[in-house]
Amino acid sequence: MRKEFSFEGSVYSSNKATFKTILRKHGFVWKGKLGDFIWLGNDEKVIAEFERDPERNVTLSATLIWSGKKRTDFLKELEKWAEDVGGKKAEGKSRAPSQDKRIQQELKFWDKLNKPDKERLRAEGRPNDWIKKDLREWRKKRNQKRKELIERYG
């Protein structure tokens, strides 16, 4: 199950302290990195996406994406908070296009670092059987990486 809540930047910015209080109250833990805003609960997670104006240093819009297997007390409280502050709610079962794009970008970068260069390996005298084995191992690791990214981004 997946639910999205969209906010104007000023609305989110002025109410984010309450949002963070709700996260802490329900035991969510920050697992994001620079540019990735992810909070994890026991069986659910929240991903935040922001559109910012770097020149004015303001948030233009914010989207909170909740995903979990069932309706929880946290979700109920998040829905109430979003409604109270003027957020717009949407439901969905699939990933947002921006999440698919992010997964593809990360896989593309991962491929640049990890995909065996067949031509270079042949030029260095590596046997074809070994090259095929390298490519099979790379595909297996790439599938693991893809699953990890899907788990991370919903």
# chains A, B, ... in the order shown; residues from 1 in each chain; ligands from 1
$ residues_around --residues "Phe19 of chain A" --least-positions-apart "4" --cutoff "9 Å" --atoms "only C-alpha atoms" --output "JSON, numbers by chain"
{"A": [12, 15, 23, 24, 78, 81, 82]}
$ write_last_selection --atoms "N, CA and C atoms" --output "PDB file, in the first residue's frame"
ATOM      1  N   TYR A  12       4.796  23.067   4.301  1.00  0.00           N
ATOM      2  CA  TYR A  12       5.613  21.996   4.873  1.00  0.00           C
ATOM      3  C   TYR A  12       6.660  22.570   5.826  1.00  0.00           C
ATOM      4  N   ASN A  15       5.467  23.497   9.207  1.00  0.00           N
ATOM      5  CA  ASN A  15       4.879  22.414  10.003  1.00  0.00           C
ATOM      6  C   ASN A  15       5.758  21.177  10.119  1.00  0.00           C
ATOM      7  N   LEU A  23       7.010  11.274  13.662  1.00  0.00           N
ATOM      8  CA  LEU A  23       7.951  10.205  13.301  1.00  0.00           C
ATOM      9  C   LEU A  23       8.606   9.614  14.545  1.00  0.00           C
ATOM     10  N   ARG A  24       9.120  10.488  15.415  1.00  0.00           N
ATOM     11  CA  ARG A  24       9.789  10.015  16.636  1.00  0.00           C
ATOM     12  C   ARG A  24       8.818   9.252  17.539  1.00  0.00           C
ATOM     13  N   LEU A  78      -0.470  10.538  10.440  1.00  0.00           N
ATOM     14  CA  LEU A  78       0.111  11.273   9.316  1.00  0.00           C
ATOM     15  C   LEU A  78      -0.994  11.865   8.436  1.00  0.00           C
ATOM     16  N   TRP A  81      -2.566  14.815  10.294  1.00  0.00           N
ATOM     17  CA  TRP A  81      -1.657  15.963  10.267  1.00  0.00           C
ATOM     18  C   TRP A  81      -1.659  16.613   8.885  1.00  0.00           C
ATOM     19  N   ALA A  82      -1.549  15.798   7.835  1.00  0.00           N
ATOM     20  CA  ALA A  82      -1.514  16.334   6.469  1.00  0.00           C
ATOM     21  C   ALA A  82      -2.797  17.098   6.156  1.00  0.00           C
TER      22      ALA A  82
END
$ closest_residue --among "A:Val58, A:Ile22, A:Ile47, A:Val29" --to "Lys76 of chain A" --atoms "only C-alpha atoms"
A:Ile22
$ residues_around --residues "Gly27 of chain A" --least-positions-apart "6" --cutoff "10 Å" --atoms "only C-alpha atoms" --output "list in words"
Thr21, Trp39, Leu40, Gly41, Asn42 and Phe74 of chain A
$ closest_residue --among "A:Thr18, A:Asn114, A:Thr63, A:Ser13" --to "Glu77 of chain A" --atoms "only C-alpha atoms"
A:Thr18
$ decode --residues "segment 31-122 of chain A" --atoms "C-alpha atoms" --output "JSON list (two decimals), in the first residue's frame"
[["chain", "number", "residue", "atom", "x", "y", "z"],
["A", 31, "LYS", "CA", 18.09, 6.16, 7.12],
["A", 32, "GLY", "CA", 18.59, 8.79, 4.46],
["A", 33, "LYS", "CA", 21.73, 10.23, 3.02],
["A", 34, "LEU", "CA", 22.55, 13.60, 1.56],
["A", 35, "GLY", "CA", 19.73, 14.24, -0.90],
["A", 36, "ASP", "CA", 17.75, 11.13, 0.13],
["A", 37, "PHE", "CA", 15.13, 11.62, 2.81],
["A", 38, "ILE", "CA", 14.04, 8.23, 4.19],
["A", 39, "TRP", "CA", 12.60, 7.28, 7.57],
["A", 40, "LEU", "CA", 12.01, 3.62, 8.47],
["A", 41, "GLY", "CA", 9.55, 2.17, 10.94],
["A", 42, "ASN", "CA", 9.03, -1.49, 11.80],
["A", 43, "ASP", "CA", 6.88, -2.39, 8.78],
["A", 44, "GLU", "CA", 6.57, 0.92, 6.96],
["A", 45, "LYS", "CA", 8.63, 3.79, 5.61],
["A", 46, "VAL", "CA", 8.34, 7.40, 4.56],
["A", 47, "ILE", "CA", 10.28, 8.96, 1.70],
["A", 48, "ALA", "CA", 10.31, 12.72, 1.23],
["A", 49, "GLU", "CA", 10.97, 14.52, -2.03],
["A", 50, "PHE", "CA", 11.53, 18.24, -2.16],
["A", 51, "GLU", "CA", 11.61, 20.82, -4.91],
["A", 52, "ARG", "CA", 13.86, 23.69, -3.84],
["A", 53, "ASP", "CA", 14.94, 27.07, -5.12],
["A", 54, "PRO", "CA", 18.67, 27.16, -4.29],
["A", 55, "GLU", "CA", 19.02, 30.88, -5.03],
["A", 56, "ARG", "CA", 16.39, 31.89, -2.50],
["A", 57, "ASN", "CA", 17.10, 28.86, -0.26],
["A", 58, "VAL", "CA", 13.41, 27.95, 0.05],
["A", 59, "THR", "CA", 11.36, 24.80, -0.40],
["A", 60, "LEU", "CA", 8.88, 25.18, -3.26],
["A", 61, "SER", "CA", 7.03, 21.91, -2.71],
["A", 62, "ALA", "CA", 7.27, 18.76, -0.62],
["A", 63, "THR", "CA", 5.91, 15.26, -1.16],
["A", 64, "LEU", "CA", 5.81, 12.62, 1.56],
["A", 65, "ILE", "CA", 5.42, 9.05, 0.29],
["A", 66, "TRP", "CA", 4.30, 6.49, 2.86],
["A", 67, "SER", "CA", 4.50, 2.78, 2.04],
["A", 68, "GLY", "CA", 3.57, -0.18, 4.16],
["A", 69, "LYS", "CA", 1.62, -3.43, 4.13],
["A", 70, "LYS", "CA", -1.34, -2.28, 6.21],
["A", 71, "ARG", "CA", -2.96, 0.78, 7.72],
["A", 72, "THR", "CA", -1.19, 1.73, 10.97],
["A", 73, "ASP", "CA", -1.61, 4.21, 13.79],
["A", 74, "PHE", "CA", 1.28, 6.18, 12.30],
["A", 75, "LEU", "CA", -0.49, 6.41, 8.92],
["A", 76, "LYS", "CA", -3.70, 7.56, 10.59],
["A", 77, "GLU", "CA", -1.83, 10.28, 12.46],
["A", 78, "LEU", "CA", 0.11, 11.27, 9.32],
["A", 79, "GLU", "CA", -3.15, 11.57, 7.35],
["A", 80, "LYS", "CA", -4.72, 13.70, 10.08],
["A", 81, "TRP", "CA", -1.66, 15.96, 10.27],
["A", 82, "ALA", "CA", -1.51, 16.33, 6.47],
["A", 83, "GLU", "CA", -5.21, 17.22, 6.32],
["A", 84, "ASP", "CA", -4.89, 19.70, 9.20],
["A", 85, "VAL", "CA", -2.02, 21.60, 7.59],
["A", 86, "GLY", "CA", -3.52, 21.59, 4.08],
["A", 87, "GLY", "CA", -1.72, 18.75, 2.32],
["A", 88, "LYS", "CA", -3.18, 16.96, -0.69],
["A", 89, "LYS", "CA", -3.55, 13.18, -0.46],
["A", 90, "ALA", "CA", -3.18, 10.59, -3.25],
["A", 91, "GLU", "CA", -3.05, 6.78, -3.21],
["A", 92, "GLY", "CA", -1.06, 4.41, -5.36],
["A", 93, "LYS", "CA", 0.47, 0.98, -5.54],
["A", 94, "SER", "CA", 3.34, 1.62, -7.90],
["A", 95, "ARG", "CA", 6.47, 3.66, -7.48],
["A", 96, "ALA", "CA", 6.44, 7.28, -8.51],
["A", 97, "PRO", "CA", 8.18, 8.03, -11.82],
["A", 98, "SER", "CA", 10.84, 9.97, -9.94],
["A", 99, "GLN", "CA", 11.63, 6.83, -7.91],
["A", 100, "ASP", "CA", 11.96, 4.70, -11.06],
["A", 101, "LYS", "CA", 14.20, 7.38, -12.54],
["A", 102, "ARG", "CA", 16.33, 7.46, -9.38],
["A", 103, "ILE", "CA", 16.69, 3.66, -9.45],
["A", 104, "GLN", "CA", 17.73, 3.74, -13.11],
["A", 105, "GLN", "CA", 20.26, 6.53, -12.47],
["A", 106, "GLU", "CA", 21.84, 4.64, -9.59],
["A", 107, "LEU", "CA", 21.99, 1.43, -11.62],
["A", 108, "LYS", "CA", 23.58, 3.28, -14.54],
["A", 109, "PHE", "CA", 26.25, 4.70, -12.21],
["A", 110, "TRP", "CA", 26.75, 1.28, -10.59],
["A", 111, "ASP", "CA", 27.18, -0.29, -14.05],
["A", 112, "LYS", "CA", 29.90, 2.22, -14.95],
["A", 113, "LEU", "CA", 31.87, 1.11, -11.91],
["A", 114, "ASN", "CA", 31.18, -2.63, -12.00],
["A", 115, "LYS", "CA", 30.34, -3.87, -15.51],
["A", 116, "PRO", "CA", 33.22, -5.84, -17.05],
["A", 117, "ASP", "CA", 34.61, -4.29, -20.24],
["A", 118, "LYS", "CA", 34.55, -7.26, -22.66],
["A", 119, "GLU", "CA", 36.74, -5.61, -25.30],
["A", 120, "ARG", "CA", 39.42, -4.59, -22.81],
["A", 121, "LEU", "CA", 39.44, -8.04, -21.22],
["A", 122, "ARG", "CA", 39.79, -9.71, -24.65]]
